[in-house]
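Student: What follows is work-v5.txt, made up of compact mmCIF, C-alpha atoms:
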```
# COMPACT_ATOMS: atom_id res chain seq x y z
CA MET G 1299 3.73 -17.77 -17.17
CA PHE G 1300 5.18 -21.29 -16.84
CA TRP G 1301 8.71 -20.10 -17.54
CA LYS G 1302 8.38 -17.20 -15.13
CA LEU G 1303 7.17 -19.58 -12.44
CA LEU G 1304 9.98 -22.02 -13.18
CA THR G 1305 12.57 -19.23 -12.97
CA LEU G 1306 11.13 -18.03 -9.69
CA SER G 1307 10.99 -21.56 -8.27
CA LEU G 1308 14.64 -22.17 -9.13
CA ALA G 1309 15.60 -18.89 -7.48
CA LEU G 1310 13.68 -19.83 -4.36
CA THR G 1311 15.27 -23.28 -4.25
CA LEU G 1312 18.73 -21.72 -4.37
CA SER G 1313 17.97 -19.15 -1.68
CA GLY G 1314 19.15 -21.26 1.27
CA CYS G 1315 17.47 -23.39 3.90
CA ALA G 1316 16.97 -20.57 6.41
CA GLU G 1317 14.45 -18.80 4.21
CA LEU G 1318 13.11 -21.78 2.31
CA ALA G 1319 9.97 -22.17 4.46
CA TYR G 1320 9.12 -18.50 3.95
CA TYR G 1321 9.51 -18.72 0.17
CA ARG G 1322 7.54 -21.96 0.05
CA GLN G 1323 4.50 -20.34 1.68
CA ALA G 1324 4.86 -17.38 -0.67
CA ALA G 1325 4.99 -19.60 -3.75
CA ALA G 1326 2.10 -21.73 -2.48
CA GLY G 1327 0.02 -18.66 -1.75
CA GLN G 1328 0.66 -17.16 -5.18
CA TRP G 1329 -0.19 -20.48 -6.83
CA SER G 1330 -3.43 -20.72 -4.86
CA LEU G 1331 -4.36 -17.22 -6.00
CA TRP G 1332 -3.76 -18.16 -9.65
CA GLN G 1333 -5.85 -21.30 -9.24
CA ALA G 1334 -8.77 -19.22 -7.94
CA ARG G 1335 -8.83 -16.71 -10.78
CA GLN G 1336 -11.18 -16.78 -13.78
CA PRO G 1337 -11.45 -14.57 -16.87
CA ILE G 1338 -13.75 -11.67 -16.08
CA SER G 1339 -15.77 -12.41 -19.23
CA ASP G 1340 -16.51 -15.91 -17.87
CA VAL G 1341 -17.52 -14.60 -14.45
CA ALA G 1342 -19.77 -11.96 -16.00
CA ALA G 1343 -21.42 -14.52 -18.30
CA ASP G 1344 -22.09 -17.00 -15.48
CA PRO G 1345 -25.81 -16.86 -14.52
CA ALA G 1346 -24.82 -17.61 -10.91
CA THR G 1347 -22.80 -14.40 -10.65
CA PRO G 1348 -24.65 -11.85 -8.48
CA ALA G 1349 -25.72 -8.72 -10.35
CA ALA G 1350 -23.80 -6.52 -7.88
CA LEU G 1351 -20.54 -8.35 -8.59
CA ARG G 1352 -21.13 -8.24 -12.34
CA GLN G 1353 -21.59 -4.46 -12.12
CA ARG G 1354 -18.40 -4.05 -10.05
CA LEU G 1355 -16.41 -6.08 -12.57
CA GLU G 1356 -17.69 -3.90 -15.41
CA THR G 1357 -16.66 -0.77 -13.52
CA ALA G 1358 -13.24 -2.22 -12.76
CA GLN G 1359 -12.73 -3.05 -16.44
CA ALA G 1360 -13.54 0.54 -17.40
CA ILE G 1361 -11.09 1.80 -14.76
CA ARG G 1362 -8.47 -0.63 -16.08
CA ALA G 1363 -8.84 0.65 -19.64
CA PHE G 1364 -8.66 4.26 -18.42
CA ALA G 1365 -5.39 3.52 -16.61
CA SER G 1366 -3.56 2.73 -19.84
CA ALA G 1367 -5.39 5.10 -22.17
CA GLU G 1368 -5.28 8.21 -19.98
CA LEU G 1369 -2.70 7.74 -17.20
CA GLY G 1370 0.27 6.18 -18.97
CA LEU G 1371 0.10 2.97 -16.93
CA PRO G 1372 1.01 -0.48 -18.29
CA ASP G 1373 -1.30 -2.10 -20.83
CA ASN G 1374 -1.07 -5.77 -19.94
CA GLY G 1375 -3.09 -8.68 -18.62
CA SER G 1376 -3.40 -7.41 -15.07
CA TYR G 1377 -6.96 -7.00 -13.74
CA GLN G 1378 -8.45 -8.99 -16.63
CA HIS G 1379 -9.24 -11.90 -14.28
CA TYR G 1380 -11.16 -12.17 -11.02
CA ALA G 1381 -10.46 -14.32 -7.96
CA ASP G 1382 -12.59 -14.85 -4.87
CA LEU G 1383 -10.17 -15.83 -2.09
CA GLN G 1384 -12.96 -16.46 0.44
CA ARG G 1385 -11.29 -14.11 2.94
CA PRO G 1386 -11.14 -10.32 3.39
CA TRP G 1387 -7.35 -9.97 2.85
CA VAL G 1388 -4.84 -11.29 0.33
CA VAL G 1389 -1.65 -11.14 2.43
CA LYS G 1390 -0.58 -10.22 5.95
CA ASN G 1391 2.31 -7.75 6.18
CA VAL G 1392 4.48 -7.76 9.30
CA PHE G 1393 6.04 -4.42 10.27
CA ALA G 1394 8.53 -4.10 13.13
CA THR G 1395 10.66 -1.47 14.83
CA PRO G 1396 12.81 -1.38 17.96
CA GLU G 1397 10.90 -0.54 21.14
CA LEU G 1398 12.24 3.03 21.28
CA SER G 1399 12.69 3.86 17.61
CA LEU G 1400 10.56 4.59 14.56
CA GLU G 1401 13.17 3.18 12.17
CA PRO G 1402 11.52 0.12 10.58
CA HIS G 1403 13.36 -3.15 10.24
CA GLN G 1404 14.07 -4.21 6.67
CA TRP G 1405 14.07 -7.64 5.06
CA CYS G 1406 15.66 -8.39 1.72
CA PHE G 1407 14.13 -10.70 -0.88
CA LEU G 1408 14.79 -12.09 -4.29
CA VAL G 1409 13.63 -9.90 -7.19
CA VAL G 1410 12.07 -7.05 -5.14
CA GLY G 1411 15.09 -6.12 -3.00
CA CYS G 1412 14.78 -4.83 0.58
CA LEU G 1413 11.40 -3.85 2.05
CA ASN G 1414 10.21 -2.31 5.31
CA TYR G 1415 7.84 -5.23 5.89
CA ARG G 1416 7.57 -8.98 5.40
CA GLY G 1417 4.50 -10.33 3.61
CA TYR G 1418 2.75 -13.66 4.22
CA PHE G 1419 -0.05 -15.58 2.55
CA ASP G 1420 -0.04 -17.95 5.52
CA PRO G 1421 -1.62 -16.14 8.53
CA GLU G 1422 -0.21 -18.61 11.04
CA ALA G 1423 3.31 -18.10 9.71
CA ALA G 1424 2.82 -14.34 9.87
CA GLN G 1425 1.67 -14.58 13.50
CA GLN G 1426 4.56 -16.85 14.44
CA PHE G 1427 7.06 -14.44 12.92
CA ALA G 1428 5.39 -11.51 14.66
CA ASP G 1429 5.49 -13.36 18.00
CA THR G 1430 9.21 -14.03 17.54
CA LEU G 1431 9.85 -10.34 16.94
CA ARG G 1432 7.76 -9.34 19.95
CA ALA G 1433 9.66 -11.82 22.12
CA SER G 1434 12.89 -10.08 21.13
CA GLY G 1435 11.49 -6.75 22.37
CA ASP G 1436 10.39 -5.18 19.08
CA ASP G 1437 7.20 -3.26 18.44
CA VAL G 1438 5.23 -5.25 15.85
CA HIS G 1439 2.19 -4.66 13.66
CA VAL G 1440 0.48 -7.29 11.49
CA ALA G 1441 -1.56 -5.60 8.75
CA ASP G 1442 -4.31 -7.09 6.61
CA ILE G 1443 -3.49 -6.15 3.02
CA SER G 1444 -6.20 -6.01 0.35
CA ALA G 1445 -3.96 -5.97 -2.73
CA TYR G 1446 -0.36 -6.14 -3.86
CA SER G 1447 1.57 -6.02 -7.10
CA THR G 1448 3.81 -8.72 -8.58
CA LEU G 1449 5.61 -5.83 -10.35
CA GLY G 1450 4.73 -7.08 -13.82
CA TRP G 1451 6.18 -10.56 -13.37
CA PHE G 1452 2.65 -11.94 -13.49
CA ASP G 1453 -0.81 -10.64 -14.39
CA ASP G 1454 -2.48 -9.54 -11.16
CA PRO G 1455 -6.22 -10.30 -10.86
CA LEU G 1456 -9.06 -8.33 -9.37
CA LEU G 1457 -9.87 -9.74 -5.94
CA ASN G 1458 -12.94 -9.99 -3.74
CA THR G 1459 -10.87 -8.15 -1.11
CA PHE G 1460 -11.35 -4.80 -2.87
CA VAL G 1461 -13.68 -5.09 -5.86
CA HIS G 1462 -16.68 -3.82 -3.85
CA TRP G 1463 -14.94 -0.65 -2.68
CA PRO G 1464 -16.47 2.72 -3.70
CA ASN G 1465 -15.49 3.73 -7.23
CA GLY G 1466 -12.95 6.35 -6.17
CA ARG G 1467 -11.13 3.99 -3.83
CA LEU G 1468 -11.30 1.14 -6.35
CA ALA G 1469 -9.77 3.31 -9.06
CA GLU G 1470 -7.10 4.57 -6.67
CA LEU G 1471 -6.07 1.04 -5.73
CA ILE G 1472 -5.87 -0.24 -9.32
CA PHE G 1473 -3.84 2.79 -10.40
CA HIS G 1474 -1.57 2.40 -7.35
CA GLU G 1475 -0.76 -1.22 -8.12
CA LEU G 1476 -0.23 -0.57 -11.84
CA ALA G 1477 2.15 2.26 -10.93
CA HIS G 1478 4.33 -0.34 -9.18
CA GLN G 1479 4.42 -2.25 -12.47
CA ARG G 1480 5.55 0.86 -14.33
CA LEU G 1481 8.31 1.85 -11.90
CA TYR G 1482 9.88 0.02 -8.99
CA ILE G 1483 13.19 0.97 -7.37
CA ALA G 1484 14.84 -1.86 -5.47
CA HIS G 1485 15.64 -1.16 -1.79
CA ASP G 1486 13.57 2.06 -1.61
CA THR G 1487 10.15 1.22 -0.16
CA ALA G 1488 9.32 4.82 0.76
CA PHE G 1489 9.96 6.09 -2.78
CA ASN G 1490 7.97 3.28 -4.40
CA GLU G 1491 4.97 3.58 -2.12
CA ALA G 1492 4.82 7.38 -2.21
CA TYR G 1493 4.99 7.40 -6.02
CA ALA G 1494 2.28 4.74 -6.33
CA THR G 1495 0.12 6.43 -3.70
CA ALA G 1496 0.38 9.74 -5.57
CA VAL G 1497 -0.48 8.06 -8.89
CA GLY G 1498 -3.44 6.35 -7.26
CA ARG G 1499 -4.86 9.56 -5.83
CA LEU G 1500 -4.19 11.72 -8.89
CA GLY G 1501 -5.53 9.04 -11.19
CA ALA G 1502 -8.69 8.57 -9.12
CA GLU G 1503 -9.34 12.31 -9.24
CA ARG G 1504 -8.90 12.28 -13.04
CA TRP G 1505 -11.15 9.22 -13.41
CA LEU G 1506 -13.92 10.73 -11.30
CA GLU G 1507 -13.61 14.05 -13.10
CA ARG G 1508 -14.06 12.35 -16.49
CA ARG G 1509 -16.30 9.38 -15.68
CA GLY G 1510 -17.65 9.74 -12.16
CA LEU G 1511 -21.02 10.85 -10.88
CA GLU G 1512 -21.32 13.94 -8.71
CA HIS G 1513 -22.00 11.98 -5.52
CA GLU G 1514 -18.95 9.78 -6.22
CA ARG G 1515 -16.73 12.83 -6.55
CA GLU G 1516 -18.14 14.29 -3.35
CA GLU G 1517 -17.70 10.99 -1.52
CA TYR G 1518 -14.07 10.74 -2.64
CA VAL G 1519 -13.29 14.31 -1.57
CA VAL G 1520 -14.63 13.56 1.91
CA ASP G 1521 -12.69 10.30 2.04
CA VAL G 1522 -9.42 12.05 1.12
CA GLN G 1523 -10.08 14.76 3.69
CA ARG G 1524 -10.54 12.16 6.42
CA ARG G 1525 -7.34 10.41 5.41
CA GLU G 1526 -5.43 13.69 5.44
CA GLN G 1527 -6.73 14.46 8.93
CA PHE G 1528 -5.77 10.98 10.07
CA LEU G 1529 -2.28 11.39 8.60
CA GLN G 1530 -1.86 14.75 10.30
CA LEU G 1531 -2.70 13.12 13.64
CA THR G 1532 -0.26 10.26 13.16
CA THR G 1533 2.47 12.53 11.78
CA GLU G 1534 2.29 14.76 14.85
CA ALA G 1535 2.51 11.71 17.12
CA ARG G 1536 5.51 10.42 15.14
CA GLU G 1537 7.30 13.74 15.50
CA GLN G 1538 6.68 13.73 19.25
CA LEU G 1539 8.03 10.19 19.52
CA ILE G 1540 11.09 10.95 17.40
CA ALA G 1541 11.93 13.89 19.67
CA LEU G 1542 11.37 11.75 22.75
CA TYR G 1543 13.60 8.91 21.54
CA ALA G 1544 16.37 11.34 20.57
CA SER G 1545 16.28 13.04 23.96
CA PRO G 1546 18.76 12.32 26.81
CA ARG G 1547 16.00 10.91 29.01
CA SER G 1548 16.36 7.47 30.58
CA GLN G 1549 14.82 4.41 28.94
CA ALA G 1550 12.20 4.28 31.68
CA GLU G 1551 11.24 7.90 31.01
CA LYS G 1552 11.09 7.22 27.29
CA ARG G 1553 8.81 4.25 27.82
CA SER G 1554 6.41 6.24 29.98
CA GLY G 1555 6.54 9.15 27.53
CA LYS G 1556 5.75 6.79 24.68
CA LEU G 1557 2.66 5.46 26.49
CA ARG G 1558 1.51 9.01 27.16
CA ILE G 1559 1.91 10.11 23.52
CA LEU G 1560 0.05 7.07 22.21
CA ALA G 1561 -2.76 7.57 24.75
CA GLU G 1562 -3.06 11.21 23.68
CA LEU G 1563 -3.16 10.09 20.04
CA ARG G 1564 -6.18 7.89 20.81
CA GLU G 1565 -7.89 10.76 22.62
CA ARG G 1566 -7.27 13.16 19.75
CA TYR G 1567 -8.67 10.63 17.30
CA GLN G 1568 -11.87 10.36 19.34
CA ALA G 1569 -12.19 14.15 19.27
CA LEU G 1570 -11.51 14.28 15.53
CA LYS G 1571 -14.07 11.58 14.82
CA GLN G 1572 -16.83 13.70 16.33
CA GLY G 1573 -16.83 15.77 13.16
CA TRP G 1574 -17.06 12.79 10.83
CA GLY G 1575 -20.79 12.23 11.05
CA GLY G 1576 -20.58 8.77 12.54
CA TYR G 1577 -17.80 7.45 10.29
CA ALA G 1578 -15.72 4.96 12.30
CA GLY G 1579 -13.43 3.55 9.63
CA TYR G 1580 -10.26 4.02 11.69
CA ASP G 1581 -11.58 2.54 14.94
CA ARG G 1582 -9.98 -0.84 14.30
CA TRP G 1583 -6.66 0.80 13.38
CA PHE G 1584 -6.50 2.53 16.74
CA ALA G 1585 -7.70 -0.53 18.66
CA GLN G 1586 -4.88 -2.90 17.65
CA ASP G 1587 -1.07 -2.66 17.71
CA LEU G 1588 -0.90 1.09 18.27
CA ASN G 1589 2.88 1.32 18.49
CA ASN G 1590 6.03 2.40 16.67
CA ALA G 1591 5.67 -0.28 13.99
CA LYS G 1592 2.16 0.79 13.03
CA LEU G 1593 3.17 4.45 12.83
CA ALA G 1594 6.25 3.54 10.78
CA GLY G 1595 4.04 1.62 8.34
CA VAL G 1596 1.84 4.67 7.77
CA SER G 1597 4.92 6.82 7.26
CA THR G 1598 6.33 4.42 4.67
CA TYR G 1599 3.32 4.86 2.41
CA HIS G 1600 2.64 8.55 2.85
CA ARG G 1601 5.62 10.61 4.04
CA GLN G 1602 6.91 11.51 0.57
CA VAL G 1603 3.53 11.76 -1.20
CA PRO G 1604 3.42 15.62 -1.12
CA VAL G 1605 6.72 15.69 -3.04
CA PHE G 1606 5.24 13.63 -5.88
CA LEU G 1607 2.07 15.70 -5.91
CA ALA G 1608 4.22 18.82 -6.27
CA LEU G 1609 6.17 17.20 -9.10
CA PHE G 1610 2.91 16.44 -10.88
CA GLU G 1611 1.98 20.11 -10.70
CA ARG G 1612 5.43 21.09 -11.96
CA GLU G 1613 4.88 18.84 -14.97
CA ARG G 1614 1.62 20.69 -15.72
CA ARG G 1615 -0.55 17.78 -14.57
CA ASP G 1616 0.60 15.71 -17.54
CA PHE G 1617 0.87 12.05 -16.56
CA ALA G 1618 3.37 11.08 -19.26
CA ALA G 1619 5.72 13.92 -18.30
CA PHE G 1620 5.22 13.13 -14.62
CA HIS G 1621 6.15 9.46 -15.05
CA HIS G 1622 9.26 10.38 -17.04
CA ALA G 1623 10.33 12.89 -14.38
CA VAL G 1624 9.88 10.31 -11.61
CA GLU G 1625 11.75 7.69 -13.62
CA ALA G 1626 14.66 10.11 -14.08
CA ILE G 1627 14.83 10.63 -10.30
CA GLY G 1628 14.54 6.90 -9.74
CA ARG G 1629 17.61 6.23 -11.87
CA LEU G 1630 19.78 8.38 -9.60
CA PRO G 1631 21.97 6.78 -6.91
CA SER G 1632 20.22 6.59 -3.56
CA ALA G 1633 21.89 9.65 -2.00
CA GLU G 1634 21.27 11.82 -5.08
CA ARG G 1635 17.69 10.59 -5.28
CA GLY G 1636 17.11 11.64 -1.69
CA ALA G 1637 18.68 15.04 -2.31
CA GLN G 1638 16.47 15.58 -5.36
CA LEU G 1639 13.35 14.73 -3.39
CA GLN G 1640 14.43 17.06 -0.61
CA ALA G 1641 14.94 19.86 -3.12
CA LEU G 1642 11.44 19.26 -4.50
CA TRP G 1643 10.05 19.31 -0.94
CA SER G 1644 11.74 22.65 -0.23
CA SER G 1645 10.48 24.22 -3.46
CA ARG G 1646 6.83 23.28 -3.00
```
Can the structure in the file be given as structure tokens, please?
Tutor:
Amino acid sequence: MFWKLLTLSLALTLSGCAELAYYRQAAAGQWSLWQARQPISDVAADPATPAALRQRLETAQAIRAFASAELGLPDNGSYQHYADLQRPWVVKNVFATPELSLEPHQWCFLVVGCLNYRGYFDPEAAQQFADTLRASGDDVHVADISAYSTLGWFDDPLLNTFVHWPNGRLAELIFHELAHQRLYIAHDTAFNEAYATAVGRLGAERWLERRGLEHEREEYVVDVQRREQFLQLTTEAREQLIALYASPRSQAEKRSGKLRILAELRERYQALKQGWGGYAGYDRWFAQDLNNAKLAGVSTYHRQVPVFLALFERERRDFAAFHHAVEAIGRLPSAERGAQLQALWSSR
């Protein structure tokens, strides 16, 4: 770990003054996270550890073992430690788009390449950057993120930000982040996130099928259904906005049309929620930053997921074959990779 940290520190030092403050907060945040982590065996053995946390850590360890034994995901030191960050998020991601576009801005970084967001451990720095973007006229969304992957550079710990999630969601998240460690294509956020999202969902279904209780399986099915309904709502709004922005209407007409579409999206969510039996998990999402940037962020993670689900079926639901097929697509040049994904979409 020391040599990896030294290599990263040297790279950050050489990155130039303009970005040095950003990389400093990133390095400081990562270091603080490492300082907070403890071996799970030590946490479990500590008499002061609450029984509920001890049980969640045991479940997470079983999920972690399943990931490598059954899903073809990396067998390494990730999720063998636990860290309580004393806050409900690990990083803040800043998404931004132009006022009348759903095309997200990109930022390029050392090691990971270009991304459709900019992540911060320092919430004040995230807010300052978001305010600067807003002042320039962009739509901006600052998202609380529960987990992220260091892509295998370091061993990622379990965090208080997600360890108490229901078993299906916990498994999905761990499998998602480990998928990033197995395969990561520089400069292609949509590909990476859709692949990891598909692995997370497919893996959670396999875990619950093999190890879950009936009520956990039922709970996860309902959760996925709600998410699909939410995504359908946001996708329809995105398509309306894309058509509006591409139209020959004046900027004033586009602005008023945008407000109307977003207001209708809120109304349709309220109608949809009536059938959810009191579940209000998306209320906060709709209450803050409902704009192009927030819709673009949802699209980044989910737009290509159906393609990867179809590929999994084509590979006879075999995870090893699925990973190899995705890796083969990932090795293609960007244009060919896009064409291959489009062909898979058309053949679903």
Student: Rank nothing, just name the residue among G:Ala1492, G:Leu1481, G:Leu1560, G:Ile1338 nearest to Gln1353 (chain G), using only C-alpha atoms.
Tutor: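 Using only C-alpha atoms, Gln1353 (chain G) sits closest to G:Ile1338.
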Student: Please, which residues are within 9 Å of (-8.5, -1.6, -7.4) by the file's coordinates, counting all atoms listed in the file, and could they come as a list in words?
Tutor: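 Residues found, by chain and rising number: Ala1358, Ile1361, Arg1362, Tyr1377, Ala1445, Leu1456, Leu1457, Phe1460, Val1461, Trp1463, Asn1465, Arg1467, Leu1468, Ala1469, Glu1470, Leu1471, Ile1472, Phe1473, His1474 and Glu1475 of chain G.
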Student: Kindly export the residues of the current selection with C-alpha atoms, as an mmCIF file, keeping the file's coordinate frame.
Tutor:
```
data_model
loop_
_atom_site.group_PDB
_atom_site.id
_atom_site.type_symbol
_atom_site.label_atom_id
_atom_site.label_comp_id
_atom_site.auth_asym_id
_atom_site.auth_seq_id
_atom_site.Cartn_x
_atom_site.Cartn_y
_atom_site.Cartn_z
ATOM 1 C CA ALA G 1358 -13.240 -2.220 -12.760
ATOM 2 C CA ILE G 1361 -11.090 1.800 -14.760
ATOM 3 C CA ARG G 1362 -8.470 -0.630 -16.080
ATOM 4 C CA TYR G 1377 -6.960 -7.000 -13.740
ATOM 5 C CA ALA G 1445 -3.960 -5.970 -2.730
ATOM 6 C CA LEU G 1456 -9.060 -8.330 -9.370
ATOM 7 C CA LEU G 1457 -9.870 -9.740 -5.940
ATOM 8 C CA PHE G 1460 -11.350 -4.800 -2.870
ATOM 9 C CA VAL G 1461 -13.680 -5.090 -5.860
ATOM 10 C CA TRP G 1463 -14.940 -0.650 -2.680
ATOM 11 C CA ASN G 1465 -15.490 3.730 -7.230
ATOM 12 C CA ARG G 1467 -11.130 3.990 -3.830
ATOM 13 C CA LEU G 1468 -11.300 1.140 -6.350
ATOM 14 C CA ALA G 1469 -9.770 3.310 -9.060
ATOM 15 C CA GLU G 1470 -7.100 4.570 -6.670
ATOM 16 C CA LEU G 1471 -6.070 1.040 -5.730
ATOM 17 C CA ILE G 1472 -5.870 -0.240 -9.320
ATOM 18 C CA PHE G 1473 -3.840 2.790 -10.400
ATOM 19 C CA HIS G 1474 -1.570 2.400 -7.350
ATOM 20 C CA GLU G 1475 -0.760 -1.220 -8.120
#
```
Student: Using all atoms listed in the file, pick whichever of G:His1621, G:Arg1432, G:His1403, G:His1478 has the shortest atom-to-atom distance to Ala1594 (chain G).
Tutor: G:His1403
Student: My list of candidates is G:Arg1615, G:Arg1335, G:Arg1480, G:His1513. Which is closest to Gly1370 (chain G) when distances are computed with only C-alpha atoms?
Tutor: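 Of G:Arg1615, G:Arg1335, G:Arg1480, G:His1513, the one nearest Gly1370 (chain G), counting only C-alpha atoms, is G:Arg1480.
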Student: One number please: CA of Glu1634 (chain G) to CA of Gln1404 (chain G), in Å, one decimal.
Tutor: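 These two atoms are separated by 21.1 Å.
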